[in-house]
>>> print(open('protein02.txt').read())   # compact mmCIF, C-alpha atoms and all ligand atoms
# COMPACT_ATOMS: atom_id res chain seq x y z
CA MET A 1 -10.87 61.27 34.99
CA ASN A 2 -9.06 59.66 32.03
CA ALA A 3 -10.52 58.59 28.69
CA ILE A 4 -10.15 56.32 25.69
CA ILE A 5 -11.71 57.13 22.32
CA LEU A 6 -12.31 54.09 20.16
CA GLY A 7 -13.36 53.68 16.57
CA THR A 8 -13.65 50.57 14.47
CA GLY A 9 -13.45 47.59 16.78
CA ALA A 10 -15.21 49.27 19.70
CA ASP A 11 -18.25 47.00 19.34
CA GLU A 12 -16.24 43.81 19.54
CA LEU A 13 -14.30 44.90 22.64
CA GLY A 14 -17.52 44.80 24.63
CA PHE A 15 -16.57 47.02 27.64
CA ASN A 16 -17.28 44.47 30.35
CA GLY A 17 -18.40 46.17 33.52
CA TYR A 18 -18.59 49.66 32.02
CA GLU A 19 -21.84 51.51 32.55
CA LYS A 20 -23.45 53.06 29.47
CA LYS A 21 -24.32 56.73 29.89
CA LEU A 22 -25.67 59.53 27.73
CA GLY A 23 -24.64 63.15 27.94
CA SER A 24 -25.20 66.37 26.08
CA ASN A 25 -23.57 69.77 25.71
CA HIS A 26 -23.87 72.91 23.52
CA TYR A 27 -22.90 70.82 20.50
CA GLY A 28 -25.24 67.87 20.86
CA GLU A 29 -25.56 64.46 22.45
CA TYR A 30 -22.87 61.89 23.13
CA GLU A 31 -22.63 58.32 24.35
CA TYR A 32 -19.99 57.06 26.76
CA TYR A 33 -19.11 54.11 28.97
CA GLN A 34 -17.73 54.57 32.47
CA LYS A 35 -15.94 52.43 35.04
CA ASP A 36 -13.82 53.66 37.95
CA GLY A 37 -11.79 56.63 36.65
CA ILE A 38 -12.07 55.74 32.95
CA VAL A 39 -14.57 56.85 30.34
CA ILE A 40 -14.73 55.33 26.87
CA ILE A 41 -16.22 57.22 23.96
CA PRO A 42 -17.02 55.11 20.88
CA ARG A 43 -16.62 57.77 18.20
CA HIS A 44 -19.05 56.11 15.78
CA LYS A 45 -21.39 55.16 18.64
CA MET A 46 -21.94 51.47 19.34
CA GLY A 47 -23.04 49.50 16.30
CA HIS A 48 -20.66 51.65 14.20
CA SER A 49 -23.69 53.65 13.16
CA VAL A 50 -22.19 57.08 12.38
CA ALA A 51 -20.00 57.57 9.29
CA PRO A 52 -16.68 59.43 9.80
CA HIS A 53 -17.83 62.60 8.01
CA LEU A 54 -21.09 62.67 10.03
CA ILE A 55 -19.65 62.23 13.55
CA ASN A 56 -20.51 65.09 15.90
CA TYR A 57 -16.85 65.63 16.78
CA ARG A 58 -17.49 68.72 18.88
CA ALA A 59 -20.07 66.96 21.08
CA ASN A 60 -17.80 63.91 21.53
CA ILE A 61 -14.65 65.89 22.31
CA HIS A 62 -16.33 68.49 24.47
CA ALA A 63 -17.66 65.52 26.46
CA LEU A 64 -14.07 65.05 27.64
CA LYS A 65 -14.15 68.51 29.14
CA ASP A 66 -17.66 67.99 30.57
CA LEU A 67 -16.36 64.86 32.31
CA GLU A 68 -13.17 66.59 33.55
CA VAL A 69 -10.86 64.32 31.57
CA LYS A 70 -7.14 65.13 31.93
CA ASN A 71 -5.61 62.45 29.70
CA VAL A 72 -7.02 60.72 26.65
CA VAL A 73 -5.73 57.87 24.53
CA SER A 74 -7.35 58.05 21.11
CA ILE A 75 -7.21 54.88 19.04
CA TYR A 76 -7.49 54.62 15.24
CA ALA A 77 -7.70 51.78 12.73
CA VAL A 78 -5.76 52.87 9.65
CA GLY A 79 -4.40 51.80 6.28
CA SER A 80 -0.61 51.60 5.90
CA ILE A 81 1.17 53.84 3.44
CA SER A 82 4.83 53.53 4.48
CA ASN A 83 6.70 50.58 5.92
CA LYS A 84 6.98 52.38 9.28
CA LEU A 85 3.60 50.81 10.15
CA LEU A 86 2.63 47.54 8.48
CA PRO A 87 -0.71 45.70 8.74
CA SER A 88 -1.28 44.24 12.26
CA GLU A 89 1.27 46.67 13.75
CA PHE A 90 0.45 49.61 16.00
CA GLY A 91 2.24 52.85 16.69
CA ILE A 92 2.22 56.38 18.08
CA ILE A 93 1.13 59.26 15.88
CA SER A 94 3.46 62.27 16.10
CA ASP A 95 1.74 64.58 13.61
CA HIS A 96 -1.07 64.72 11.06
CA VAL A 97 -2.27 66.35 7.86
CA ASP A 98 -5.92 67.14 7.25
CA PHE A 99 -7.41 66.38 3.82
CA THR A 100 -11.01 66.53 5.03
CA HIS A 101 -13.49 69.16 3.92
CA SER A 102 -16.79 70.57 5.18
CA ARG A 103 -16.11 69.51 8.77
CA ILE A 104 -16.21 71.80 11.78
CA ASN A 105 -12.83 71.31 13.43
CA THR A 106 -12.79 74.14 15.95
CA LEU A 107 -14.51 75.35 19.09
CA PHE A 108 -12.78 78.73 18.85
CA ASP A 109 -15.09 80.28 16.27
CA GLY A 110 -16.62 83.03 18.38
CA THR A 111 -19.77 81.07 19.31
CA PHE A 112 -19.22 79.48 22.72
CA TYR A 113 -15.46 80.10 22.72
CA PRO A 114 -13.81 83.29 21.44
CA LEU A 115 -12.37 83.44 17.94
CA ASP A 116 -8.76 82.27 18.26
CA HIS A 117 -5.92 80.69 16.28
CA VAL A 118 -4.74 77.93 18.57
CA ASN A 119 -1.15 76.65 18.33
CA ALA A 120 -1.10 73.22 16.66
CA GLU A 121 2.68 72.64 16.71
CA ASN A 122 2.63 70.06 19.49
CA GLN A 123 -0.73 68.39 19.67
CA PHE A 124 0.35 65.19 21.37
CA SER A 125 1.50 64.58 24.92
CA GLU A 126 5.19 63.72 25.43
CA LYS A 127 4.40 62.40 28.88
CA LEU A 128 1.79 59.90 27.66
CA LYS A 129 4.06 58.90 24.77
CA SER A 130 7.00 58.17 27.12
CA CYS A 131 4.68 56.14 29.30
CA ALA A 132 3.51 54.01 26.32
CA LEU A 133 7.08 53.51 25.09
CA ALA A 134 8.18 52.39 28.56
CA LEU A 135 5.30 49.91 28.81
CA ASN A 136 5.47 48.37 25.34
CA LYS A 137 8.46 47.45 23.20
CA GLU A 138 6.45 46.50 20.08
CA ILE A 139 4.95 49.92 19.54
CA LYS A 140 6.12 51.95 16.52
CA ARG A 141 6.63 55.70 16.75
CA ASP A 142 6.91 58.99 14.84
CA LEU A 143 4.06 58.24 12.45
CA ILE A 144 2.34 60.85 10.29
CA TYR A 145 -1.38 60.24 9.83
CA VAL A 146 -3.27 61.75 6.92
CA THR A 147 -7.01 62.21 7.37
CA THR A 148 -9.28 61.78 4.37
CA GLN A 149 -12.91 62.78 4.15
CA GLY A 150 -14.34 59.32 3.56
CA PRO A 151 -16.45 57.38 3.75
CA ARG A 152 -15.03 55.95 0.56
CA LEU A 153 -11.50 54.59 0.68
CA GLU A 154 -8.78 56.39 -1.28
CA THR A 155 -7.95 56.19 -4.95
CA LYS A 156 -4.57 54.77 -5.95
CA ALA A 157 -3.46 58.21 -7.12
CA GLU A 158 -4.37 59.74 -3.75
CA ILE A 159 -2.26 57.14 -1.95
CA ARG A 160 0.65 57.68 -4.39
CA MET A 161 0.46 61.39 -3.59
CA PHE A 162 0.31 60.76 0.19
CA ASN A 163 3.25 58.37 -0.10
CA SER A 164 5.34 60.93 -1.98
CA LEU A 165 4.50 63.50 0.71
CA GLY A 166 5.92 61.24 3.42
CA PHE A 167 2.74 60.23 5.21
CA ASP A 168 2.77 56.86 6.99
CA CYS A 169 -0.86 55.91 7.44
CA VAL A 170 -4.35 56.98 6.44
CA GLY A 171 -7.67 57.16 8.22
CA MET A 172 -10.79 59.30 8.30
CA THR A 173 -11.02 60.74 11.80
CA LEU A 174 -7.82 61.74 13.60
CA SER A 175 -7.26 65.34 12.42
CA THR A 176 -10.71 66.56 13.39
CA GLU A 177 -10.47 64.96 16.82
CA ALA A 178 -6.87 65.92 17.54
CA ASP A 179 -7.52 69.57 16.64
CA LEU A 180 -10.42 69.77 19.09
CA ILE A 181 -8.60 67.88 21.87
CA ASN A 182 -5.67 70.27 21.43
CA GLU A 183 -7.97 73.29 21.67
CA LEU A 184 -9.27 72.00 25.01
CA GLU A 185 -5.70 71.43 26.26
CA ILE A 186 -6.34 67.80 27.17
CA ASN A 187 -3.28 65.52 27.06
CA ASN A 188 -3.64 63.28 24.01
CA LEU A 189 -1.85 60.11 22.97
CA ALA A 190 -2.94 58.88 19.53
CA ILE A 191 -2.26 55.24 18.70
CA ALA A 192 -2.97 53.81 15.25
CA TYR A 193 -3.16 50.15 14.29
CA SER A 194 -3.09 49.09 10.69
CA ILE A 195 -5.67 46.77 9.19
CA ASN A 196 -4.63 46.97 5.51
CA MET A 197 -2.13 48.30 3.00
CA ALA A 198 -3.69 51.42 1.49
CA ALA A 199 -5.14 51.48 -2.03
CA GLY A 200 -2.78 50.40 -4.80
CA LEU A 201 -0.02 49.20 -2.46
CA ALA A 202 -0.84 45.50 -2.21
CA ARG A 203 -0.03 43.43 -5.28
CA SER A 204 -3.22 41.41 -4.89
CA GLY A 205 -5.47 44.48 -4.43
CA LEU A 206 -7.01 46.00 -1.33
CA GLU A 207 -7.06 43.38 1.38
CA PHE A 208 -7.83 43.66 5.09
CA ILE A 209 -6.19 41.54 7.79
CA GLY A 210 -9.59 40.08 8.76
CA LYS A 211 -11.92 40.48 11.75
CA GLU A 212 -10.06 38.07 14.02
CA LYS A 213 -6.67 39.76 13.63
CA GLU A 214 -8.28 43.19 13.79
CA LEU A 215 -9.87 42.33 17.10
CA SER A 216 -6.66 40.89 18.53
CA VAL A 217 -4.63 44.00 17.69
CA ALA A 218 -7.46 46.32 18.81
CA LYS A 219 -7.55 44.46 22.15
CA LYS A 220 -3.80 44.79 22.57
CA VAL A 221 -3.95 48.55 21.92
CA PHE A 222 -6.96 48.98 24.20
CA GLU A 223 -5.17 47.15 27.04
CA LEU A 224 -2.06 49.27 26.49
CA ALA A 225 -4.21 52.42 26.63
CA LEU A 226 -5.64 51.32 29.99
CA GLU A 227 -2.14 50.56 31.26
CA VAL A 228 -0.87 53.98 30.15
CA LEU A 229 -3.76 55.72 31.88
CA ASN A 230 -3.24 53.71 35.06
CA ASN A 231 0.45 54.58 35.12
CA VAL A 232 0.50 58.22 34.11
N1 LIG B 301 -8.11 54.32 4.26
C1 LIG B 301 -8.80 55.12 5.10
N2 LIG B 301 -9.20 54.75 6.30
C2 LIG B 301 -8.89 53.51 6.70
C3 LIG B 301 -8.18 52.61 5.88
C4 LIG B 301 -7.77 53.04 4.59
O1 LIG B 301 -7.13 52.30 3.80
N3 LIG B 301 -8.05 51.46 6.59
C5 LIG B 301 -8.66 51.66 7.80
N4 LIG B 301 -9.16 52.89 7.87
>>> encode(input="protein02.txt", output="structure tokens", more="lines below")
Ligand code: HPA
Amino acid sequence: MNAIILGTGADELGFNGYEKKLGSNHYGEYEYYQKDGIVIIPRHKMGHSVAPHLINYRANIHALKDLEVKNVVSIYAVGSISNKLLPSEFGIISDHVDFTHSRINTLFDGTFYPLDHVNAENQFSEKLKSCALALNKEIKRDLIYVTTQGPRLETKAEIRMFNSLGFDCVGMTLSTEADLINELEINNLAIAYSINMAAGLARSGLEFIGKEKELSVAKKVFELALEVLNNV
């Protein structure tokens, strides 16, 4: 089985022909959509009803293991910090920094899995990345994603700091998910698409690309994810 995790934009994509299913594990309940060998997990559930800091990340990510997923493409809407990823562009995340707090980001805490310090040096799959690069010439690469707690957007000073630290884009979910996917040793390709310049970076103030453009880039990334998973 292969999987796609979607965030903002999941509702609009619609998942034609996918069957809605519910599952549960030690960590709680999860919602997913299945067709052929693909499962889709909308991380905020459909209707975008769960805020980033309230997502049950362990239930969602352990679902991948429950469903015997080998490869996952995780997709993120982000704000742009550097010019390596501008609004309406999409690209491959190579690493991340976690500025969240009060989130449980491990399974290896001695409860259902033993206490362990899992290697986080290489969290993303080279094989899936090569596949995406071979299939798409538009896609950017080598992006560093910083995860903020949310749900509020960042202050200008926070973005200035992130910029000076060399981060390329900002969102509220990747680090928690990537850490858990890595712990379960599932191949992960993270693709971000930008829907705005981050706080303080646009002369005219915070401005999003708009629903129509968001949906068109989300669709493109979703179709690429399906192509990657069909070719891997
Ligand atoms: N900040 C955090 N998360 C986001 C942003 C942003 O500017 N845009 C989309 N997700």
>>> closest_residue(input="protein02.txt", among="A:Ser216, A:His26, A:Cys131, A:Leu189", to="A:Thr111", atoms="all atoms listed in the file")
A:His26
>>> residues_near_ligand(input="protein02.txt", ligand="ligand LIG 301 (chain B)", cutoff="10 Å", atoms="only C-alpha atoms and all ligand atoms", output="VMD selection string")
chain A and resid 7 to 8 52 76 to 81 87 146 to 155 159 169 to 173 192 to 201 206 to 208
>>> closest_residue(input="protein02.txt", among="A:Glu89, A:Glu177, A:Glu183, A:Glu138", to="A:Phe108", atoms="all atoms listed in the file")
A:Glu183
>>> closest_residue(input="protein02.txt", among="A:Glu126, A:Asp168, A:Glu158, A:Glu121", to="A:Lys140", atoms="all atoms listed in the file")
A:Asp168
>>> axis_aligned_box(input="protein02.txt", around="stretch 63-79 of chain A", padding_each_side="5 Å", output="lines of an AutoDock Vina configuration file")
center_x = -11.0
center_y = 60.1
center_z = 19.9
size_x = 23.3
size_y = 26.7
size_z = 37.3
>>> closest_residue(input="protein02.txt", among="A:Ile104, A:Tyr33, A:Phe162, A:Leu22", to="A:Leu54", atoms="all atoms listed in the file")
A:Ile104
>>> residues_around(input="protein02.txt", residues="A:Asn188", least_positions_apart="5", cutoff="9 Å", atoms="all atoms listed in the file", output="VMD selection string")
chain A and resid 70 to 74 123 to 126 128 to 129 178 181 to 182
>>> closest_residue(input="protein02.txt", among="A:Asn25, A:Tyr30, A:Leu13, A:Leu229", to="A:Leu135", atoms="all atoms listed in the file")
A:Leu229
>>> closest_residue(input="protein02.txt", among="A:Val39, A:Lys219, A:Leu133, A:Gly110", to="A:Lys65", atoms="all atoms listed in the file")
A:Val39
>>> atom_distance(input="protein02.txt", atom1="atom CA of A:Ile41", atom2="atom CA of A:Leu67")
11.3 Å
>>> atom_distance(input="protein02.txt", atom1="atom CA of A:Val232", atom2="atom CA of A:Asp142")
20.3 Å
